[in-house]
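Below you'll find the structure, written out as structure tokens, and then a few comments.
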Amino acid sequence: MAEAAARPTARNAHLPEEDQAAASPLVAAAWACARDWRNTPLAERVHLVRRLAAALTAEAESLAALIAAEVGKPIRFGRSELQHCIDMLDAIARRAKSGDETIAANPAWFARRRPHGVVAAITPWNNPLYIPLGKIVPAMVFGNGVVWKPAPEAREISRSLLQCLGKAGWPEGLIGLLEGGPREGEALMREAGVGAVTITGSLAAGRAAQDICAERHIPLQAELGGNNATIIWPDADLAQAARAVAAGAFEMAGQRCTANRRVIVHDDCRQEFMPLLLEATAALKWGDPSETGTVIGPMVSTAHRDRVAALVQRAASYCDAPLLPLGSEPRSVGTHGGKFYPPTIIFCDEPAANIVQEETFGPVLVVQKASDWNAAISLCNGVRQGLAAAVFTTSDEVVSRFLDEAEAGMLKINQATANAMVDAPFGGWKASGLGPPEHGQFDVEFFTRPQTVYGAKQRGAPASVHSKSTAQARTSAGQGNIAKTLIALAARWPGSAAIVSSRLTLTYGELIGRAARSARELRHRGVRPGSKVGIALRDGGESVVAMVALWMLGAVPVPIDFRSKPDEQGQLAGEFQLSAILGDRQISQAPFTSILVDSSWADAIAKRDAEPFFEESGGAPAIISLTSGTTGRPLGIVLGHEELLFRLESNIKLGRRRPHGKLISVIPISFSGSRNHILSQLLDGATIYFYPPLFSASELIEAVHSRGATSLAVVPTILRALLEAPAPDGTYLFPALDSLYCFGAPILPDEKRLARARLSRHFVEGYASSLAGRMTVLYGADIDARPETVGRVLPHVTLEIVGEDDQPLPVGEAGAIRVRSPAVARDIYGAARDSGDQIKDGWAYPGDTGAVDGEGFLQLMGRSSDMIIRGGVNVHPSEVEAALAELEGVKDVAVVGFAKSREGEEIAAFVVSSPELTEATLNAHCRKRLVSHKRPRKFVFVSDLPRNANGKLLRTELRKRLEGAD
């Protein structure tokens, strides 16, 4: 980061009284405001974020011009910075769901997040709006006051931003602007009322802040720049790599912390790469920052220019002579004469040289050479800082080694080190960062502090509870749209592969273009904002395109099993008021508009405009997800864009994450677990390979290996088939998978252990429902230690076990599960039920029973409707099933109740077993393991158990078999 960034002086330096006097009243005012502010409803805070985004939009052009005039940043990048600010504010508003509210609970205690009080924010001049807003806004959204000390080089910009905050309606005094230099920054950090410090600056600034915060025992978040390297491998697209490196190194005169400082070129391609790099650099426009075409502007000051010049001059004594592809002076300088430094390329073979080790923070690119991978990665990692690193290659093996060995907080594959997404964690390793990264999920972690409470009842409902009033508040505050997110991602990865299916092969850019064309054709055929439209397509790629198209229109996708019959689709259309259904066949005389997606559809959309657009949805939900219907007619689970996005972002964290991975999809997109996994992978830049649902284990194994898949999601029936497949001795069936996730229905403890031991060490299971989203995760060593459970309750989930009176039960006692979390659906569409999915008093009841132990592990007992009442005592089928599954020879088992005796229900066990297992053996085992009222009175040996396509057990079918036998 720039040396000109605000830097505190040494730890014990004397501070004049006037320095302290400037900070004290601002801290006191922010503290006083914060005490009331933290009790302001979260929806109101989020609304102010939306208003700030509107204020910045209105002032965007004047602010971009001011940035160009004051700090010399080219106006095109000033405009881009404003757009990034607006996108970031949207991301913050979407994520702000649980600031100081409950994050975990059980009957004995609850844990919540609380604000620090006042946060000190110290920022540099190079991104004078984006960096401050990335600190100020989340700090205030989560209930803090802020005192902000910007760099003096950006004084007028800082004042303008403060005015925008005022216009947006942020409370006066909640944010204080402290002008000055390093001494004022140190005084601010030492103020007793400051509870946390976030700083972006130089290494020296970070060291001083670390000393002060350690002395005061307060949290510190420090982003301290980077000395970023890119490795060029011989198999890369060298022209593309040269353009990316040149832009990353020289745009904005190299005055950004993610700029490309070093390029490490393999000996086998150096001669070919260097002319391309010089050509790409020469194509960049250098000059007056107020001119639209300029990409390389002046240095922020003559002092900074002289510092960079001195570093290069010293390097000339031990490195090759510098190359100046754009000459020594620009053609136009505007009002910034004397501040320009020429884009410079310098060759240096001495890894310990200052020009290699120091972050120049200017338009200087150091070229290093490497004879092999070990030399290249050693040079890449051989500096103090570790913010970003990149590699250009087409080799999966090189990418894998880079991901395993590169020592940086952000890794790029075939991309410049510069730039980052607004909602992704931003932070470096080694000397580049202290404390947690900025942005994304780390905002709430840094700007609040956890607090555990014993012996007190929780006050009110968490801000994340989706009651009617909260849903209305969210609507008034505005909401995101998943299509907007995908469009933004496609702009960054237009040429990256997104979808490969039997019908379609699309890049991210083509996906958005096809969705926009489809949206216009759908509008032509009568689909309007708020319309509910069924999607009954066999091809997963076409289904994704259809969903994105409907989101552009502000319409509501309703995914339907493509195997459903025409009369079933007609019944669904009536129950859920579907205006149209997109399908693989034309349905005549249907009570809805039947839209056939075939070659004629492709011809029709080809005539439409591919430019993305949006229709206002009027608060319409993002999707209606149909339940599997094992207990009767399906219900429609209504999710808004915010709830759906939260689920997708949570999915990204499953297993070991590798951005731009490859997902094999074999489960129809009508199943919510499959759909969420697909969409979450798209948000992470992955390629989705769609295969037919009726797919053998051997074919699936071949697909995973041939495609180089990194992620696979399966239901229990597929998992069991994979477990029967032969695995190589001493290794995994899928050694390259970063995530093997099983969803849809519970699996046996031994199956979990075997999956982790034989299939993938990154096997993951969990408990999720269409109504409440993901609630637990079981992975890693927990699979071996606690396989009888479905994992620990997630931090963002409040999960309670309650009795028939809806009152919480003691730890370890079994009862009905109810949940609050940001992922809970906003409504249920369809006929009410007495059991199963329900929303009551702000709680989601998924219809399952279970027990949570003192460590937060959840053990499922079964569906509430499956409870067996024998002699007035509740018997959970899963308890009996778990006991029977322990017996050698039992391959699968299901327990159901049936009306038989005076005592009420009796217990029957359906068993899939090896031939030698007898009823007498089962009885003997149950007498040892179960009390009398839990022992089955009937055993039925079967070849398999009835399950739906999602792997869920059909207990109703088993009960019918018993009735038929009687």
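Note on naming: chains are A, B, ... as they come in the structure tokens, residues start from 1 per chain, ligands start from 1 in the order shown.
The residue set within 12 Å of A:Phe941, counting only C-alpha atoms and dropping same-chain residues fewer than 5 places from it, reads A:Val890, A:Lys891, A:Asp892, A:Val893, A:Ala894, A:Ala908, A:Ala909, A:Phe910, A:Val911, A:Val912, A:Ser913, A:Ser914, A:Pro915, A:Glu916, A:Leu917, A:Thr918, A:Glu919, A:Leu922, A:Leu958.
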Take the residues that were just selected and, keeping N, CA and C atoms, output them as an mmCIF file, in the first residue's frame.
```
data_model
loop_
_atom_site.group_PDB
_atom_site.id
_atom_site.type_symbol
_atom_site.label_atom_id
_atom_site.label_comp_id
_atom_site.auth_asym_id
_atom_site.auth_seq_id
_atom_site.Cartn_x
_atom_site.Cartn_y
_atom_site.Cartn_z
ATOM 1 N N VAL A 890 -27.268 -56.440 8.309
ATOM 2 C CA VAL A 890 -28.356 -55.512 8.007
ATOM 3 C C VAL A 890 -27.840 -54.474 7.025
ATOM 4 N N LYS A 891 -28.409 -54.443 5.821
ATOM 5 C CA LYS A 891 -27.970 -53.508 4.784
ATOM 6 C C LYS A 891 -28.802 -52.231 4.775
ATOM 7 N N ASP A 892 -30.073 -52.338 5.111
ATOM 8 C CA ASP A 892 -30.952 -51.169 5.169
ATOM 9 C C ASP A 892 -32.132 -51.553 6.041
ATOM 10 N N VAL A 893 -32.755 -50.561 6.675
ATOM 11 C CA VAL A 893 -33.850 -50.866 7.591
ATOM 12 C C VAL A 893 -34.779 -49.671 7.699
ATOM 13 N N ALA A 894 -36.061 -49.938 7.855
ATOM 14 C CA ALA A 894 -37.053 -48.888 8.075
ATOM 15 C C ALA A 894 -38.061 -49.396 9.106
ATOM 16 N N ALA A 908 -43.223 -52.273 13.488
ATOM 17 C CA ALA A 908 -42.755 -53.223 12.480
ATOM 18 C C ALA A 908 -41.444 -52.724 11.890
ATOM 19 N N ALA A 909 -40.554 -53.667 11.615
ATOM 20 C CA ALA A 909 -39.260 -53.329 11.014
ATOM 21 C C ALA A 909 -39.132 -54.030 9.674
ATOM 22 N N PHE A 910 -38.930 -53.269 8.608
ATOM 23 C CA PHE A 910 -38.638 -53.808 7.282
ATOM 24 C C PHE A 910 -37.126 -53.841 7.126
ATOM 25 N N VAL A 911 -36.588 -55.025 6.814
ATOM 26 C CA VAL A 911 -35.132 -55.208 6.847
ATOM 27 C C VAL A 911 -34.632 -55.724 5.505
ATOM 28 N N VAL A 912 -33.613 -55.039 4.952
ATOM 29 C CA VAL A 912 -32.855 -55.541 3.799
ATOM 30 C C VAL A 912 -31.590 -56.149 4.376
ATOM 31 N N SER A 913 -31.383 -57.449 4.168
ATOM 32 C CA SER A 913 -30.283 -58.111 4.867
ATOM 33 C C SER A 913 -29.630 -59.171 4.000
ATOM 34 N N SER A 914 -28.541 -59.711 4.524
ATOM 35 C CA SER A 914 -27.910 -60.866 3.894
ATOM 36 C C SER A 914 -28.765 -62.103 4.164
ATOM 37 N N PRO A 915 -28.653 -63.143 3.339
ATOM 38 C CA PRO A 915 -29.562 -64.300 3.443
ATOM 39 C C PRO A 915 -29.511 -65.036 4.776
ATOM 40 N N GLU A 916 -28.347 -65.032 5.443
ATOM 41 C CA GLU A 916 -28.209 -65.827 6.655
ATOM 42 C C GLU A 916 -28.861 -65.195 7.888
ATOM 43 N N LEU A 917 -29.268 -63.924 7.801
ATOM 44 C CA LEU A 917 -29.861 -63.255 8.956
ATOM 45 C C LEU A 917 -31.291 -63.756 9.176
ATOM 46 N N THR A 918 -31.617 -64.082 10.445
ATOM 47 C CA THR A 918 -32.941 -64.621 10.768
ATOM 48 C C THR A 918 -33.683 -63.697 11.714
ATOM 49 N N GLU A 919 -35.005 -63.924 11.798
ATOM 50 C CA GLU A 919 -35.826 -63.135 12.718
ATOM 51 C C GLU A 919 -35.391 -63.363 14.164
ATOM 52 N N LEU A 922 -32.500 -61.128 14.912
ATOM 53 C CA LEU A 922 -32.955 -59.746 15.076
ATOM 54 C C LEU A 922 -33.603 -59.546 16.439
ATOM 55 N N LEU A 958 -44.937 -48.532 3.094
ATOM 56 C CA LEU A 958 -44.681 -49.678 3.970
ATOM 57 C C LEU A 958 -45.904 -49.980 4.846
#
```
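Residues lying within 9 Å of A:Ala498, counting only C-alpha atoms and ignoring same-chain neighbours fewer than 5 positions away, are Thr505, Leu506, Thr507, Tyr508, Gly509, Glu510, Leu511, Leu682, Gly685, Ala686, Thr687, Ile688 and Tyr689 of chain A.
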Keeping N, CA, C and O atoms, export the residues of the selection given above as an mmCIF file, in the first residue's frame.
```cif
data_model
loop_
_atom_site.group_PDB
_atom_site.id
_atom_site.type_symbol
_atom_site.label_atom_id
_atom_site.label_comp_id
_atom_site.auth_asym_id
_atom_site.auth_seq_id
_atom_site.Cartn_x
_atom_site.Cartn_y
_atom_site.Cartn_z
ATOM 1 N N THR A 505 -23.909 -25.624 -24.710
ATOM 2 C CA THR A 505 -22.562 -25.376 -24.193
ATOM 3 C C THR A 505 -22.396 -23.869 -24.172
ATOM 4 O O THR A 505 -22.331 -23.229 -25.235
ATOM 5 N N LEU A 506 -22.378 -23.287 -22.973
ATOM 6 C CA LEU A 506 -22.422 -21.828 -22.838
ATOM 7 C C LEU A 506 -21.318 -21.318 -21.931
ATOM 8 O O LEU A 506 -21.049 -21.903 -20.873
ATOM 9 N N THR A 507 -20.697 -20.209 -22.320
ATOM 10 C CA THR A 507 -19.850 -19.459 -21.405
ATOM 11 C C THR A 507 -20.745 -18.603 -20.510
ATOM 12 O O THR A 507 -21.964 -18.522 -20.722
ATOM 13 N N TYR A 508 -20.145 -17.946 -19.525
ATOM 14 C CA TYR A 508 -20.948 -17.078 -18.666
ATOM 15 C C TYR A 508 -21.566 -15.941 -19.476
ATOM 16 O O TYR A 508 -22.725 -15.570 -19.262
ATOM 17 N N GLY A 509 -20.809 -15.384 -20.415
ATOM 18 C CA GLY A 509 -21.363 -14.329 -21.251
ATOM 19 C C GLY A 509 -22.507 -14.829 -22.102
ATOM 20 O O GLY A 509 -23.542 -14.169 -22.251
ATOM 21 N N GLU A 510 -22.357 -16.034 -22.674
ATOM 22 C CA GLU A 510 -23.415 -16.605 -23.511
ATOM 23 C C GLU A 510 -24.642 -16.994 -22.683
ATOM 24 O O GLU A 510 -25.775 -16.894 -23.162
ATOM 25 N N LEU A 511 -24.417 -17.441 -21.460
ATOM 26 C CA LEU A 511 -25.539 -17.770 -20.572
ATOM 27 C C LEU A 511 -26.427 -16.554 -20.358
ATOM 28 O O LEU A 511 -27.666 -16.633 -20.484
ATOM 29 N N LEU A 682 -22.348 -21.771 -9.724
ATOM 30 C CA LEU A 682 -22.290 -20.713 -10.739
ATOM 31 C C LEU A 682 -21.842 -19.396 -10.120
ATOM 32 O O LEU A 682 -21.076 -18.634 -10.738
ATOM 33 N N GLY A 685 -18.177 -19.240 -10.058
ATOM 34 C CA GLY A 685 -17.433 -19.299 -11.310
ATOM 35 C C GLY A 685 -17.189 -20.683 -11.851
ATOM 36 O O GLY A 685 -16.320 -20.875 -12.710
ATOM 37 N N ALA A 686 -17.943 -21.685 -11.380
ATOM 38 C CA ALA A 686 -17.707 -23.065 -11.797
ATOM 39 C C ALA A 686 -18.333 -23.362 -13.155
ATOM 40 O O ALA A 686 -19.183 -22.618 -13.655
ATOM 41 N N THR A 687 -17.912 -24.476 -13.740
ATOM 42 C CA THR A 687 -18.554 -25.035 -14.923
ATOM 43 C C THR A 687 -19.460 -26.172 -14.472
ATOM 44 O O THR A 687 -19.023 -27.058 -13.730
ATOM 45 N N ILE A 688 -20.724 -26.152 -14.903
ATOM 46 C CA ILE A 688 -21.679 -27.183 -14.528
ATOM 47 C C ILE A 688 -21.849 -28.152 -15.686
ATOM 48 O O ILE A 688 -22.231 -27.751 -16.787
ATOM 49 N N TYR A 689 -21.565 -29.430 -15.441
ATOM 50 C CA TYR A 689 -21.754 -30.480 -16.439
ATOM 51 C C TYR A 689 -23.018 -31.256 -16.080
ATOM 52 O O TYR A 689 -23.066 -31.933 -15.046
#
```
Looking only at the backbone, which of the residues in stretch 479-694 of chain A does DSSP tag as strand (DSSP E), as a PyMOL selection string?
-> chain A and resi 497-500+505-507+532-536+556-559+580-583+593-596+623-626+636-639+662-665+687-690
Just the selected residues (C-alpha atoms), exported as a short mmCIF file (atom, residue, chain, number, x, y, z; two decimals), in the first residue's frame, please.
```cif
data_model
loop_
_atom_site.label_atom_id
_atom_site.label_comp_id
_atom_site.auth_asym_id
_atom_site.auth_seq_id
_atom_site.Cartn_x
_atom_site.Cartn_y
_atom_site.Cartn_z
CA ALA A 497 -17.34 -22.06 -19.39
CA ALA A 498 -20.59 -22.01 -17.40
CA ILE A 499 -22.86 -24.81 -18.70
CA VAL A 500 -22.30 -28.02 -20.61
CA THR A 505 -22.56 -25.38 -24.19
CA LEU A 506 -22.42 -21.83 -22.84
CA THR A 507 -19.85 -19.46 -21.40
CA LYS A 532 -45.52 -17.73 -11.80
CA VAL A 533 -44.01 -19.93 -14.50
CA GLY A 534 -43.35 -23.67 -14.27
CA ILE A 535 -40.08 -25.13 -15.57
CA ALA A 536 -40.43 -28.81 -16.54
CA VAL A 556 -41.23 -16.33 -10.40
CA PRO A 557 -39.76 -19.69 -11.51
CA VAL A 558 -41.53 -22.81 -10.21
CA PRO A 559 -39.33 -25.84 -11.04
CA ALA A 580 -47.27 -20.90 -18.17
CA ILE A 581 -45.07 -23.99 -18.11
CA LEU A 582 -41.88 -24.37 -20.14
CA GLY A 583 -41.53 -28.01 -21.14
CA THR A 593 -49.80 -21.50 -21.63
CA SER A 594 -47.70 -24.46 -22.72
CA ILE A 595 -44.34 -23.25 -24.06
CA LEU A 596 -42.33 -25.85 -25.97
CA ILE A 623 -38.67 -18.87 -6.54
CA ILE A 624 -41.39 -21.25 -5.37
CA SER A 625 -39.82 -24.57 -4.49
CA LEU A 626 -42.18 -27.55 -4.50
CA GLY A 636 -44.81 -24.34 -2.42
CA ILE A 637 -41.91 -22.97 -0.36
CA VAL A 638 -41.65 -19.27 -1.15
CA LEU A 639 -38.14 -17.79 -1.15
CA LYS A 662 -16.29 -28.17 -12.09
CA LEU A 663 -19.58 -29.64 -10.84
CA ILE A 664 -21.10 -32.87 -12.13
CA SER A 665 -24.90 -32.65 -11.85
CA THR A 687 -18.55 -25.03 -14.92
CA ILE A 688 -21.68 -27.18 -14.53
CA TYR A 689 -21.75 -30.48 -16.44
CA PHE A 690 -25.32 -31.79 -16.66
#
```
Which polymer residues have any atom within 6 Å of an atom of stretch 706-722 of chain A, counting only C-alpha atoms, with same-chain residues fewer than 2 positions away left out, as a PDB file with C-alpha atoms, in the first residue's frame?
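Heads up, here's the output in out-v8.pdb:
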```
ATOM      1  CA  GLY A 661     -14.300 -25.514 -10.240  1.00  0.00           C
ATOM      2  CA  LYS A 662     -16.294 -28.173 -12.087  1.00  0.00           C
ATOM      3  CA  LEU A 663     -19.579 -29.641 -10.842  1.00  0.00           C
ATOM      4  CA  ILE A 664     -21.102 -32.875 -12.134  1.00  0.00           C
ATOM      5  CA  ALA A 697     -22.468 -45.572 -10.934  1.00  0.00           C
ATOM      6  CA  GLU A 702     -16.114 -42.001 -15.498  1.00  0.00           C
ATOM      7  CA  ALA A 703     -17.690 -38.531 -15.800  1.00  0.00           C
ATOM      8  CA  VAL A 704     -16.072 -37.291 -12.579  1.00  0.00           C
ATOM      9  CA  GLU A 724     -20.416 -50.647  -3.916  1.00  0.00           C
ATOM     10  CA  ALA A 725     -18.035 -49.661  -6.725  1.00  0.00           C
ATOM     11  CA  LEU A 737     -12.960 -33.799  -5.390  1.00  0.00           C
ATOM     12  CA  ASP A 738     -13.075 -30.747  -3.158  1.00  0.00           C
ATOM     13  CA  SER A 739     -16.654 -31.513  -2.120  1.00  0.00           C
ATOM     14  CA  LEU A 740     -18.773 -34.670  -2.190  1.00  0.00           C
ATOM     15  CA  TYR A 741     -22.105 -33.707  -0.696  1.00  0.00           C
ATOM     16  CA  CYS A 742     -24.970 -36.085   0.083  1.00  0.00           C
ATOM     17  CA  PHE A 743     -28.422 -34.568   0.507  1.00  0.00           C
ATOM     18  CA  GLY A 744     -32.101 -35.417   0.355  1.00  0.00           C
ATOM     19  CA  GLY A 951     -33.905 -40.854  -1.777  1.00  0.00           C
TER      20      GLY A 951
END
```
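Take atom CA of A:Leu174 and atom CA of A:Asp211: the distance between them is 26.9 Å.
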Mind listing the helix (DSSP H, G or I) residues of stretch 337-579 of chain A, per DSSP on the backbone, as a count of residues only?
-> 91
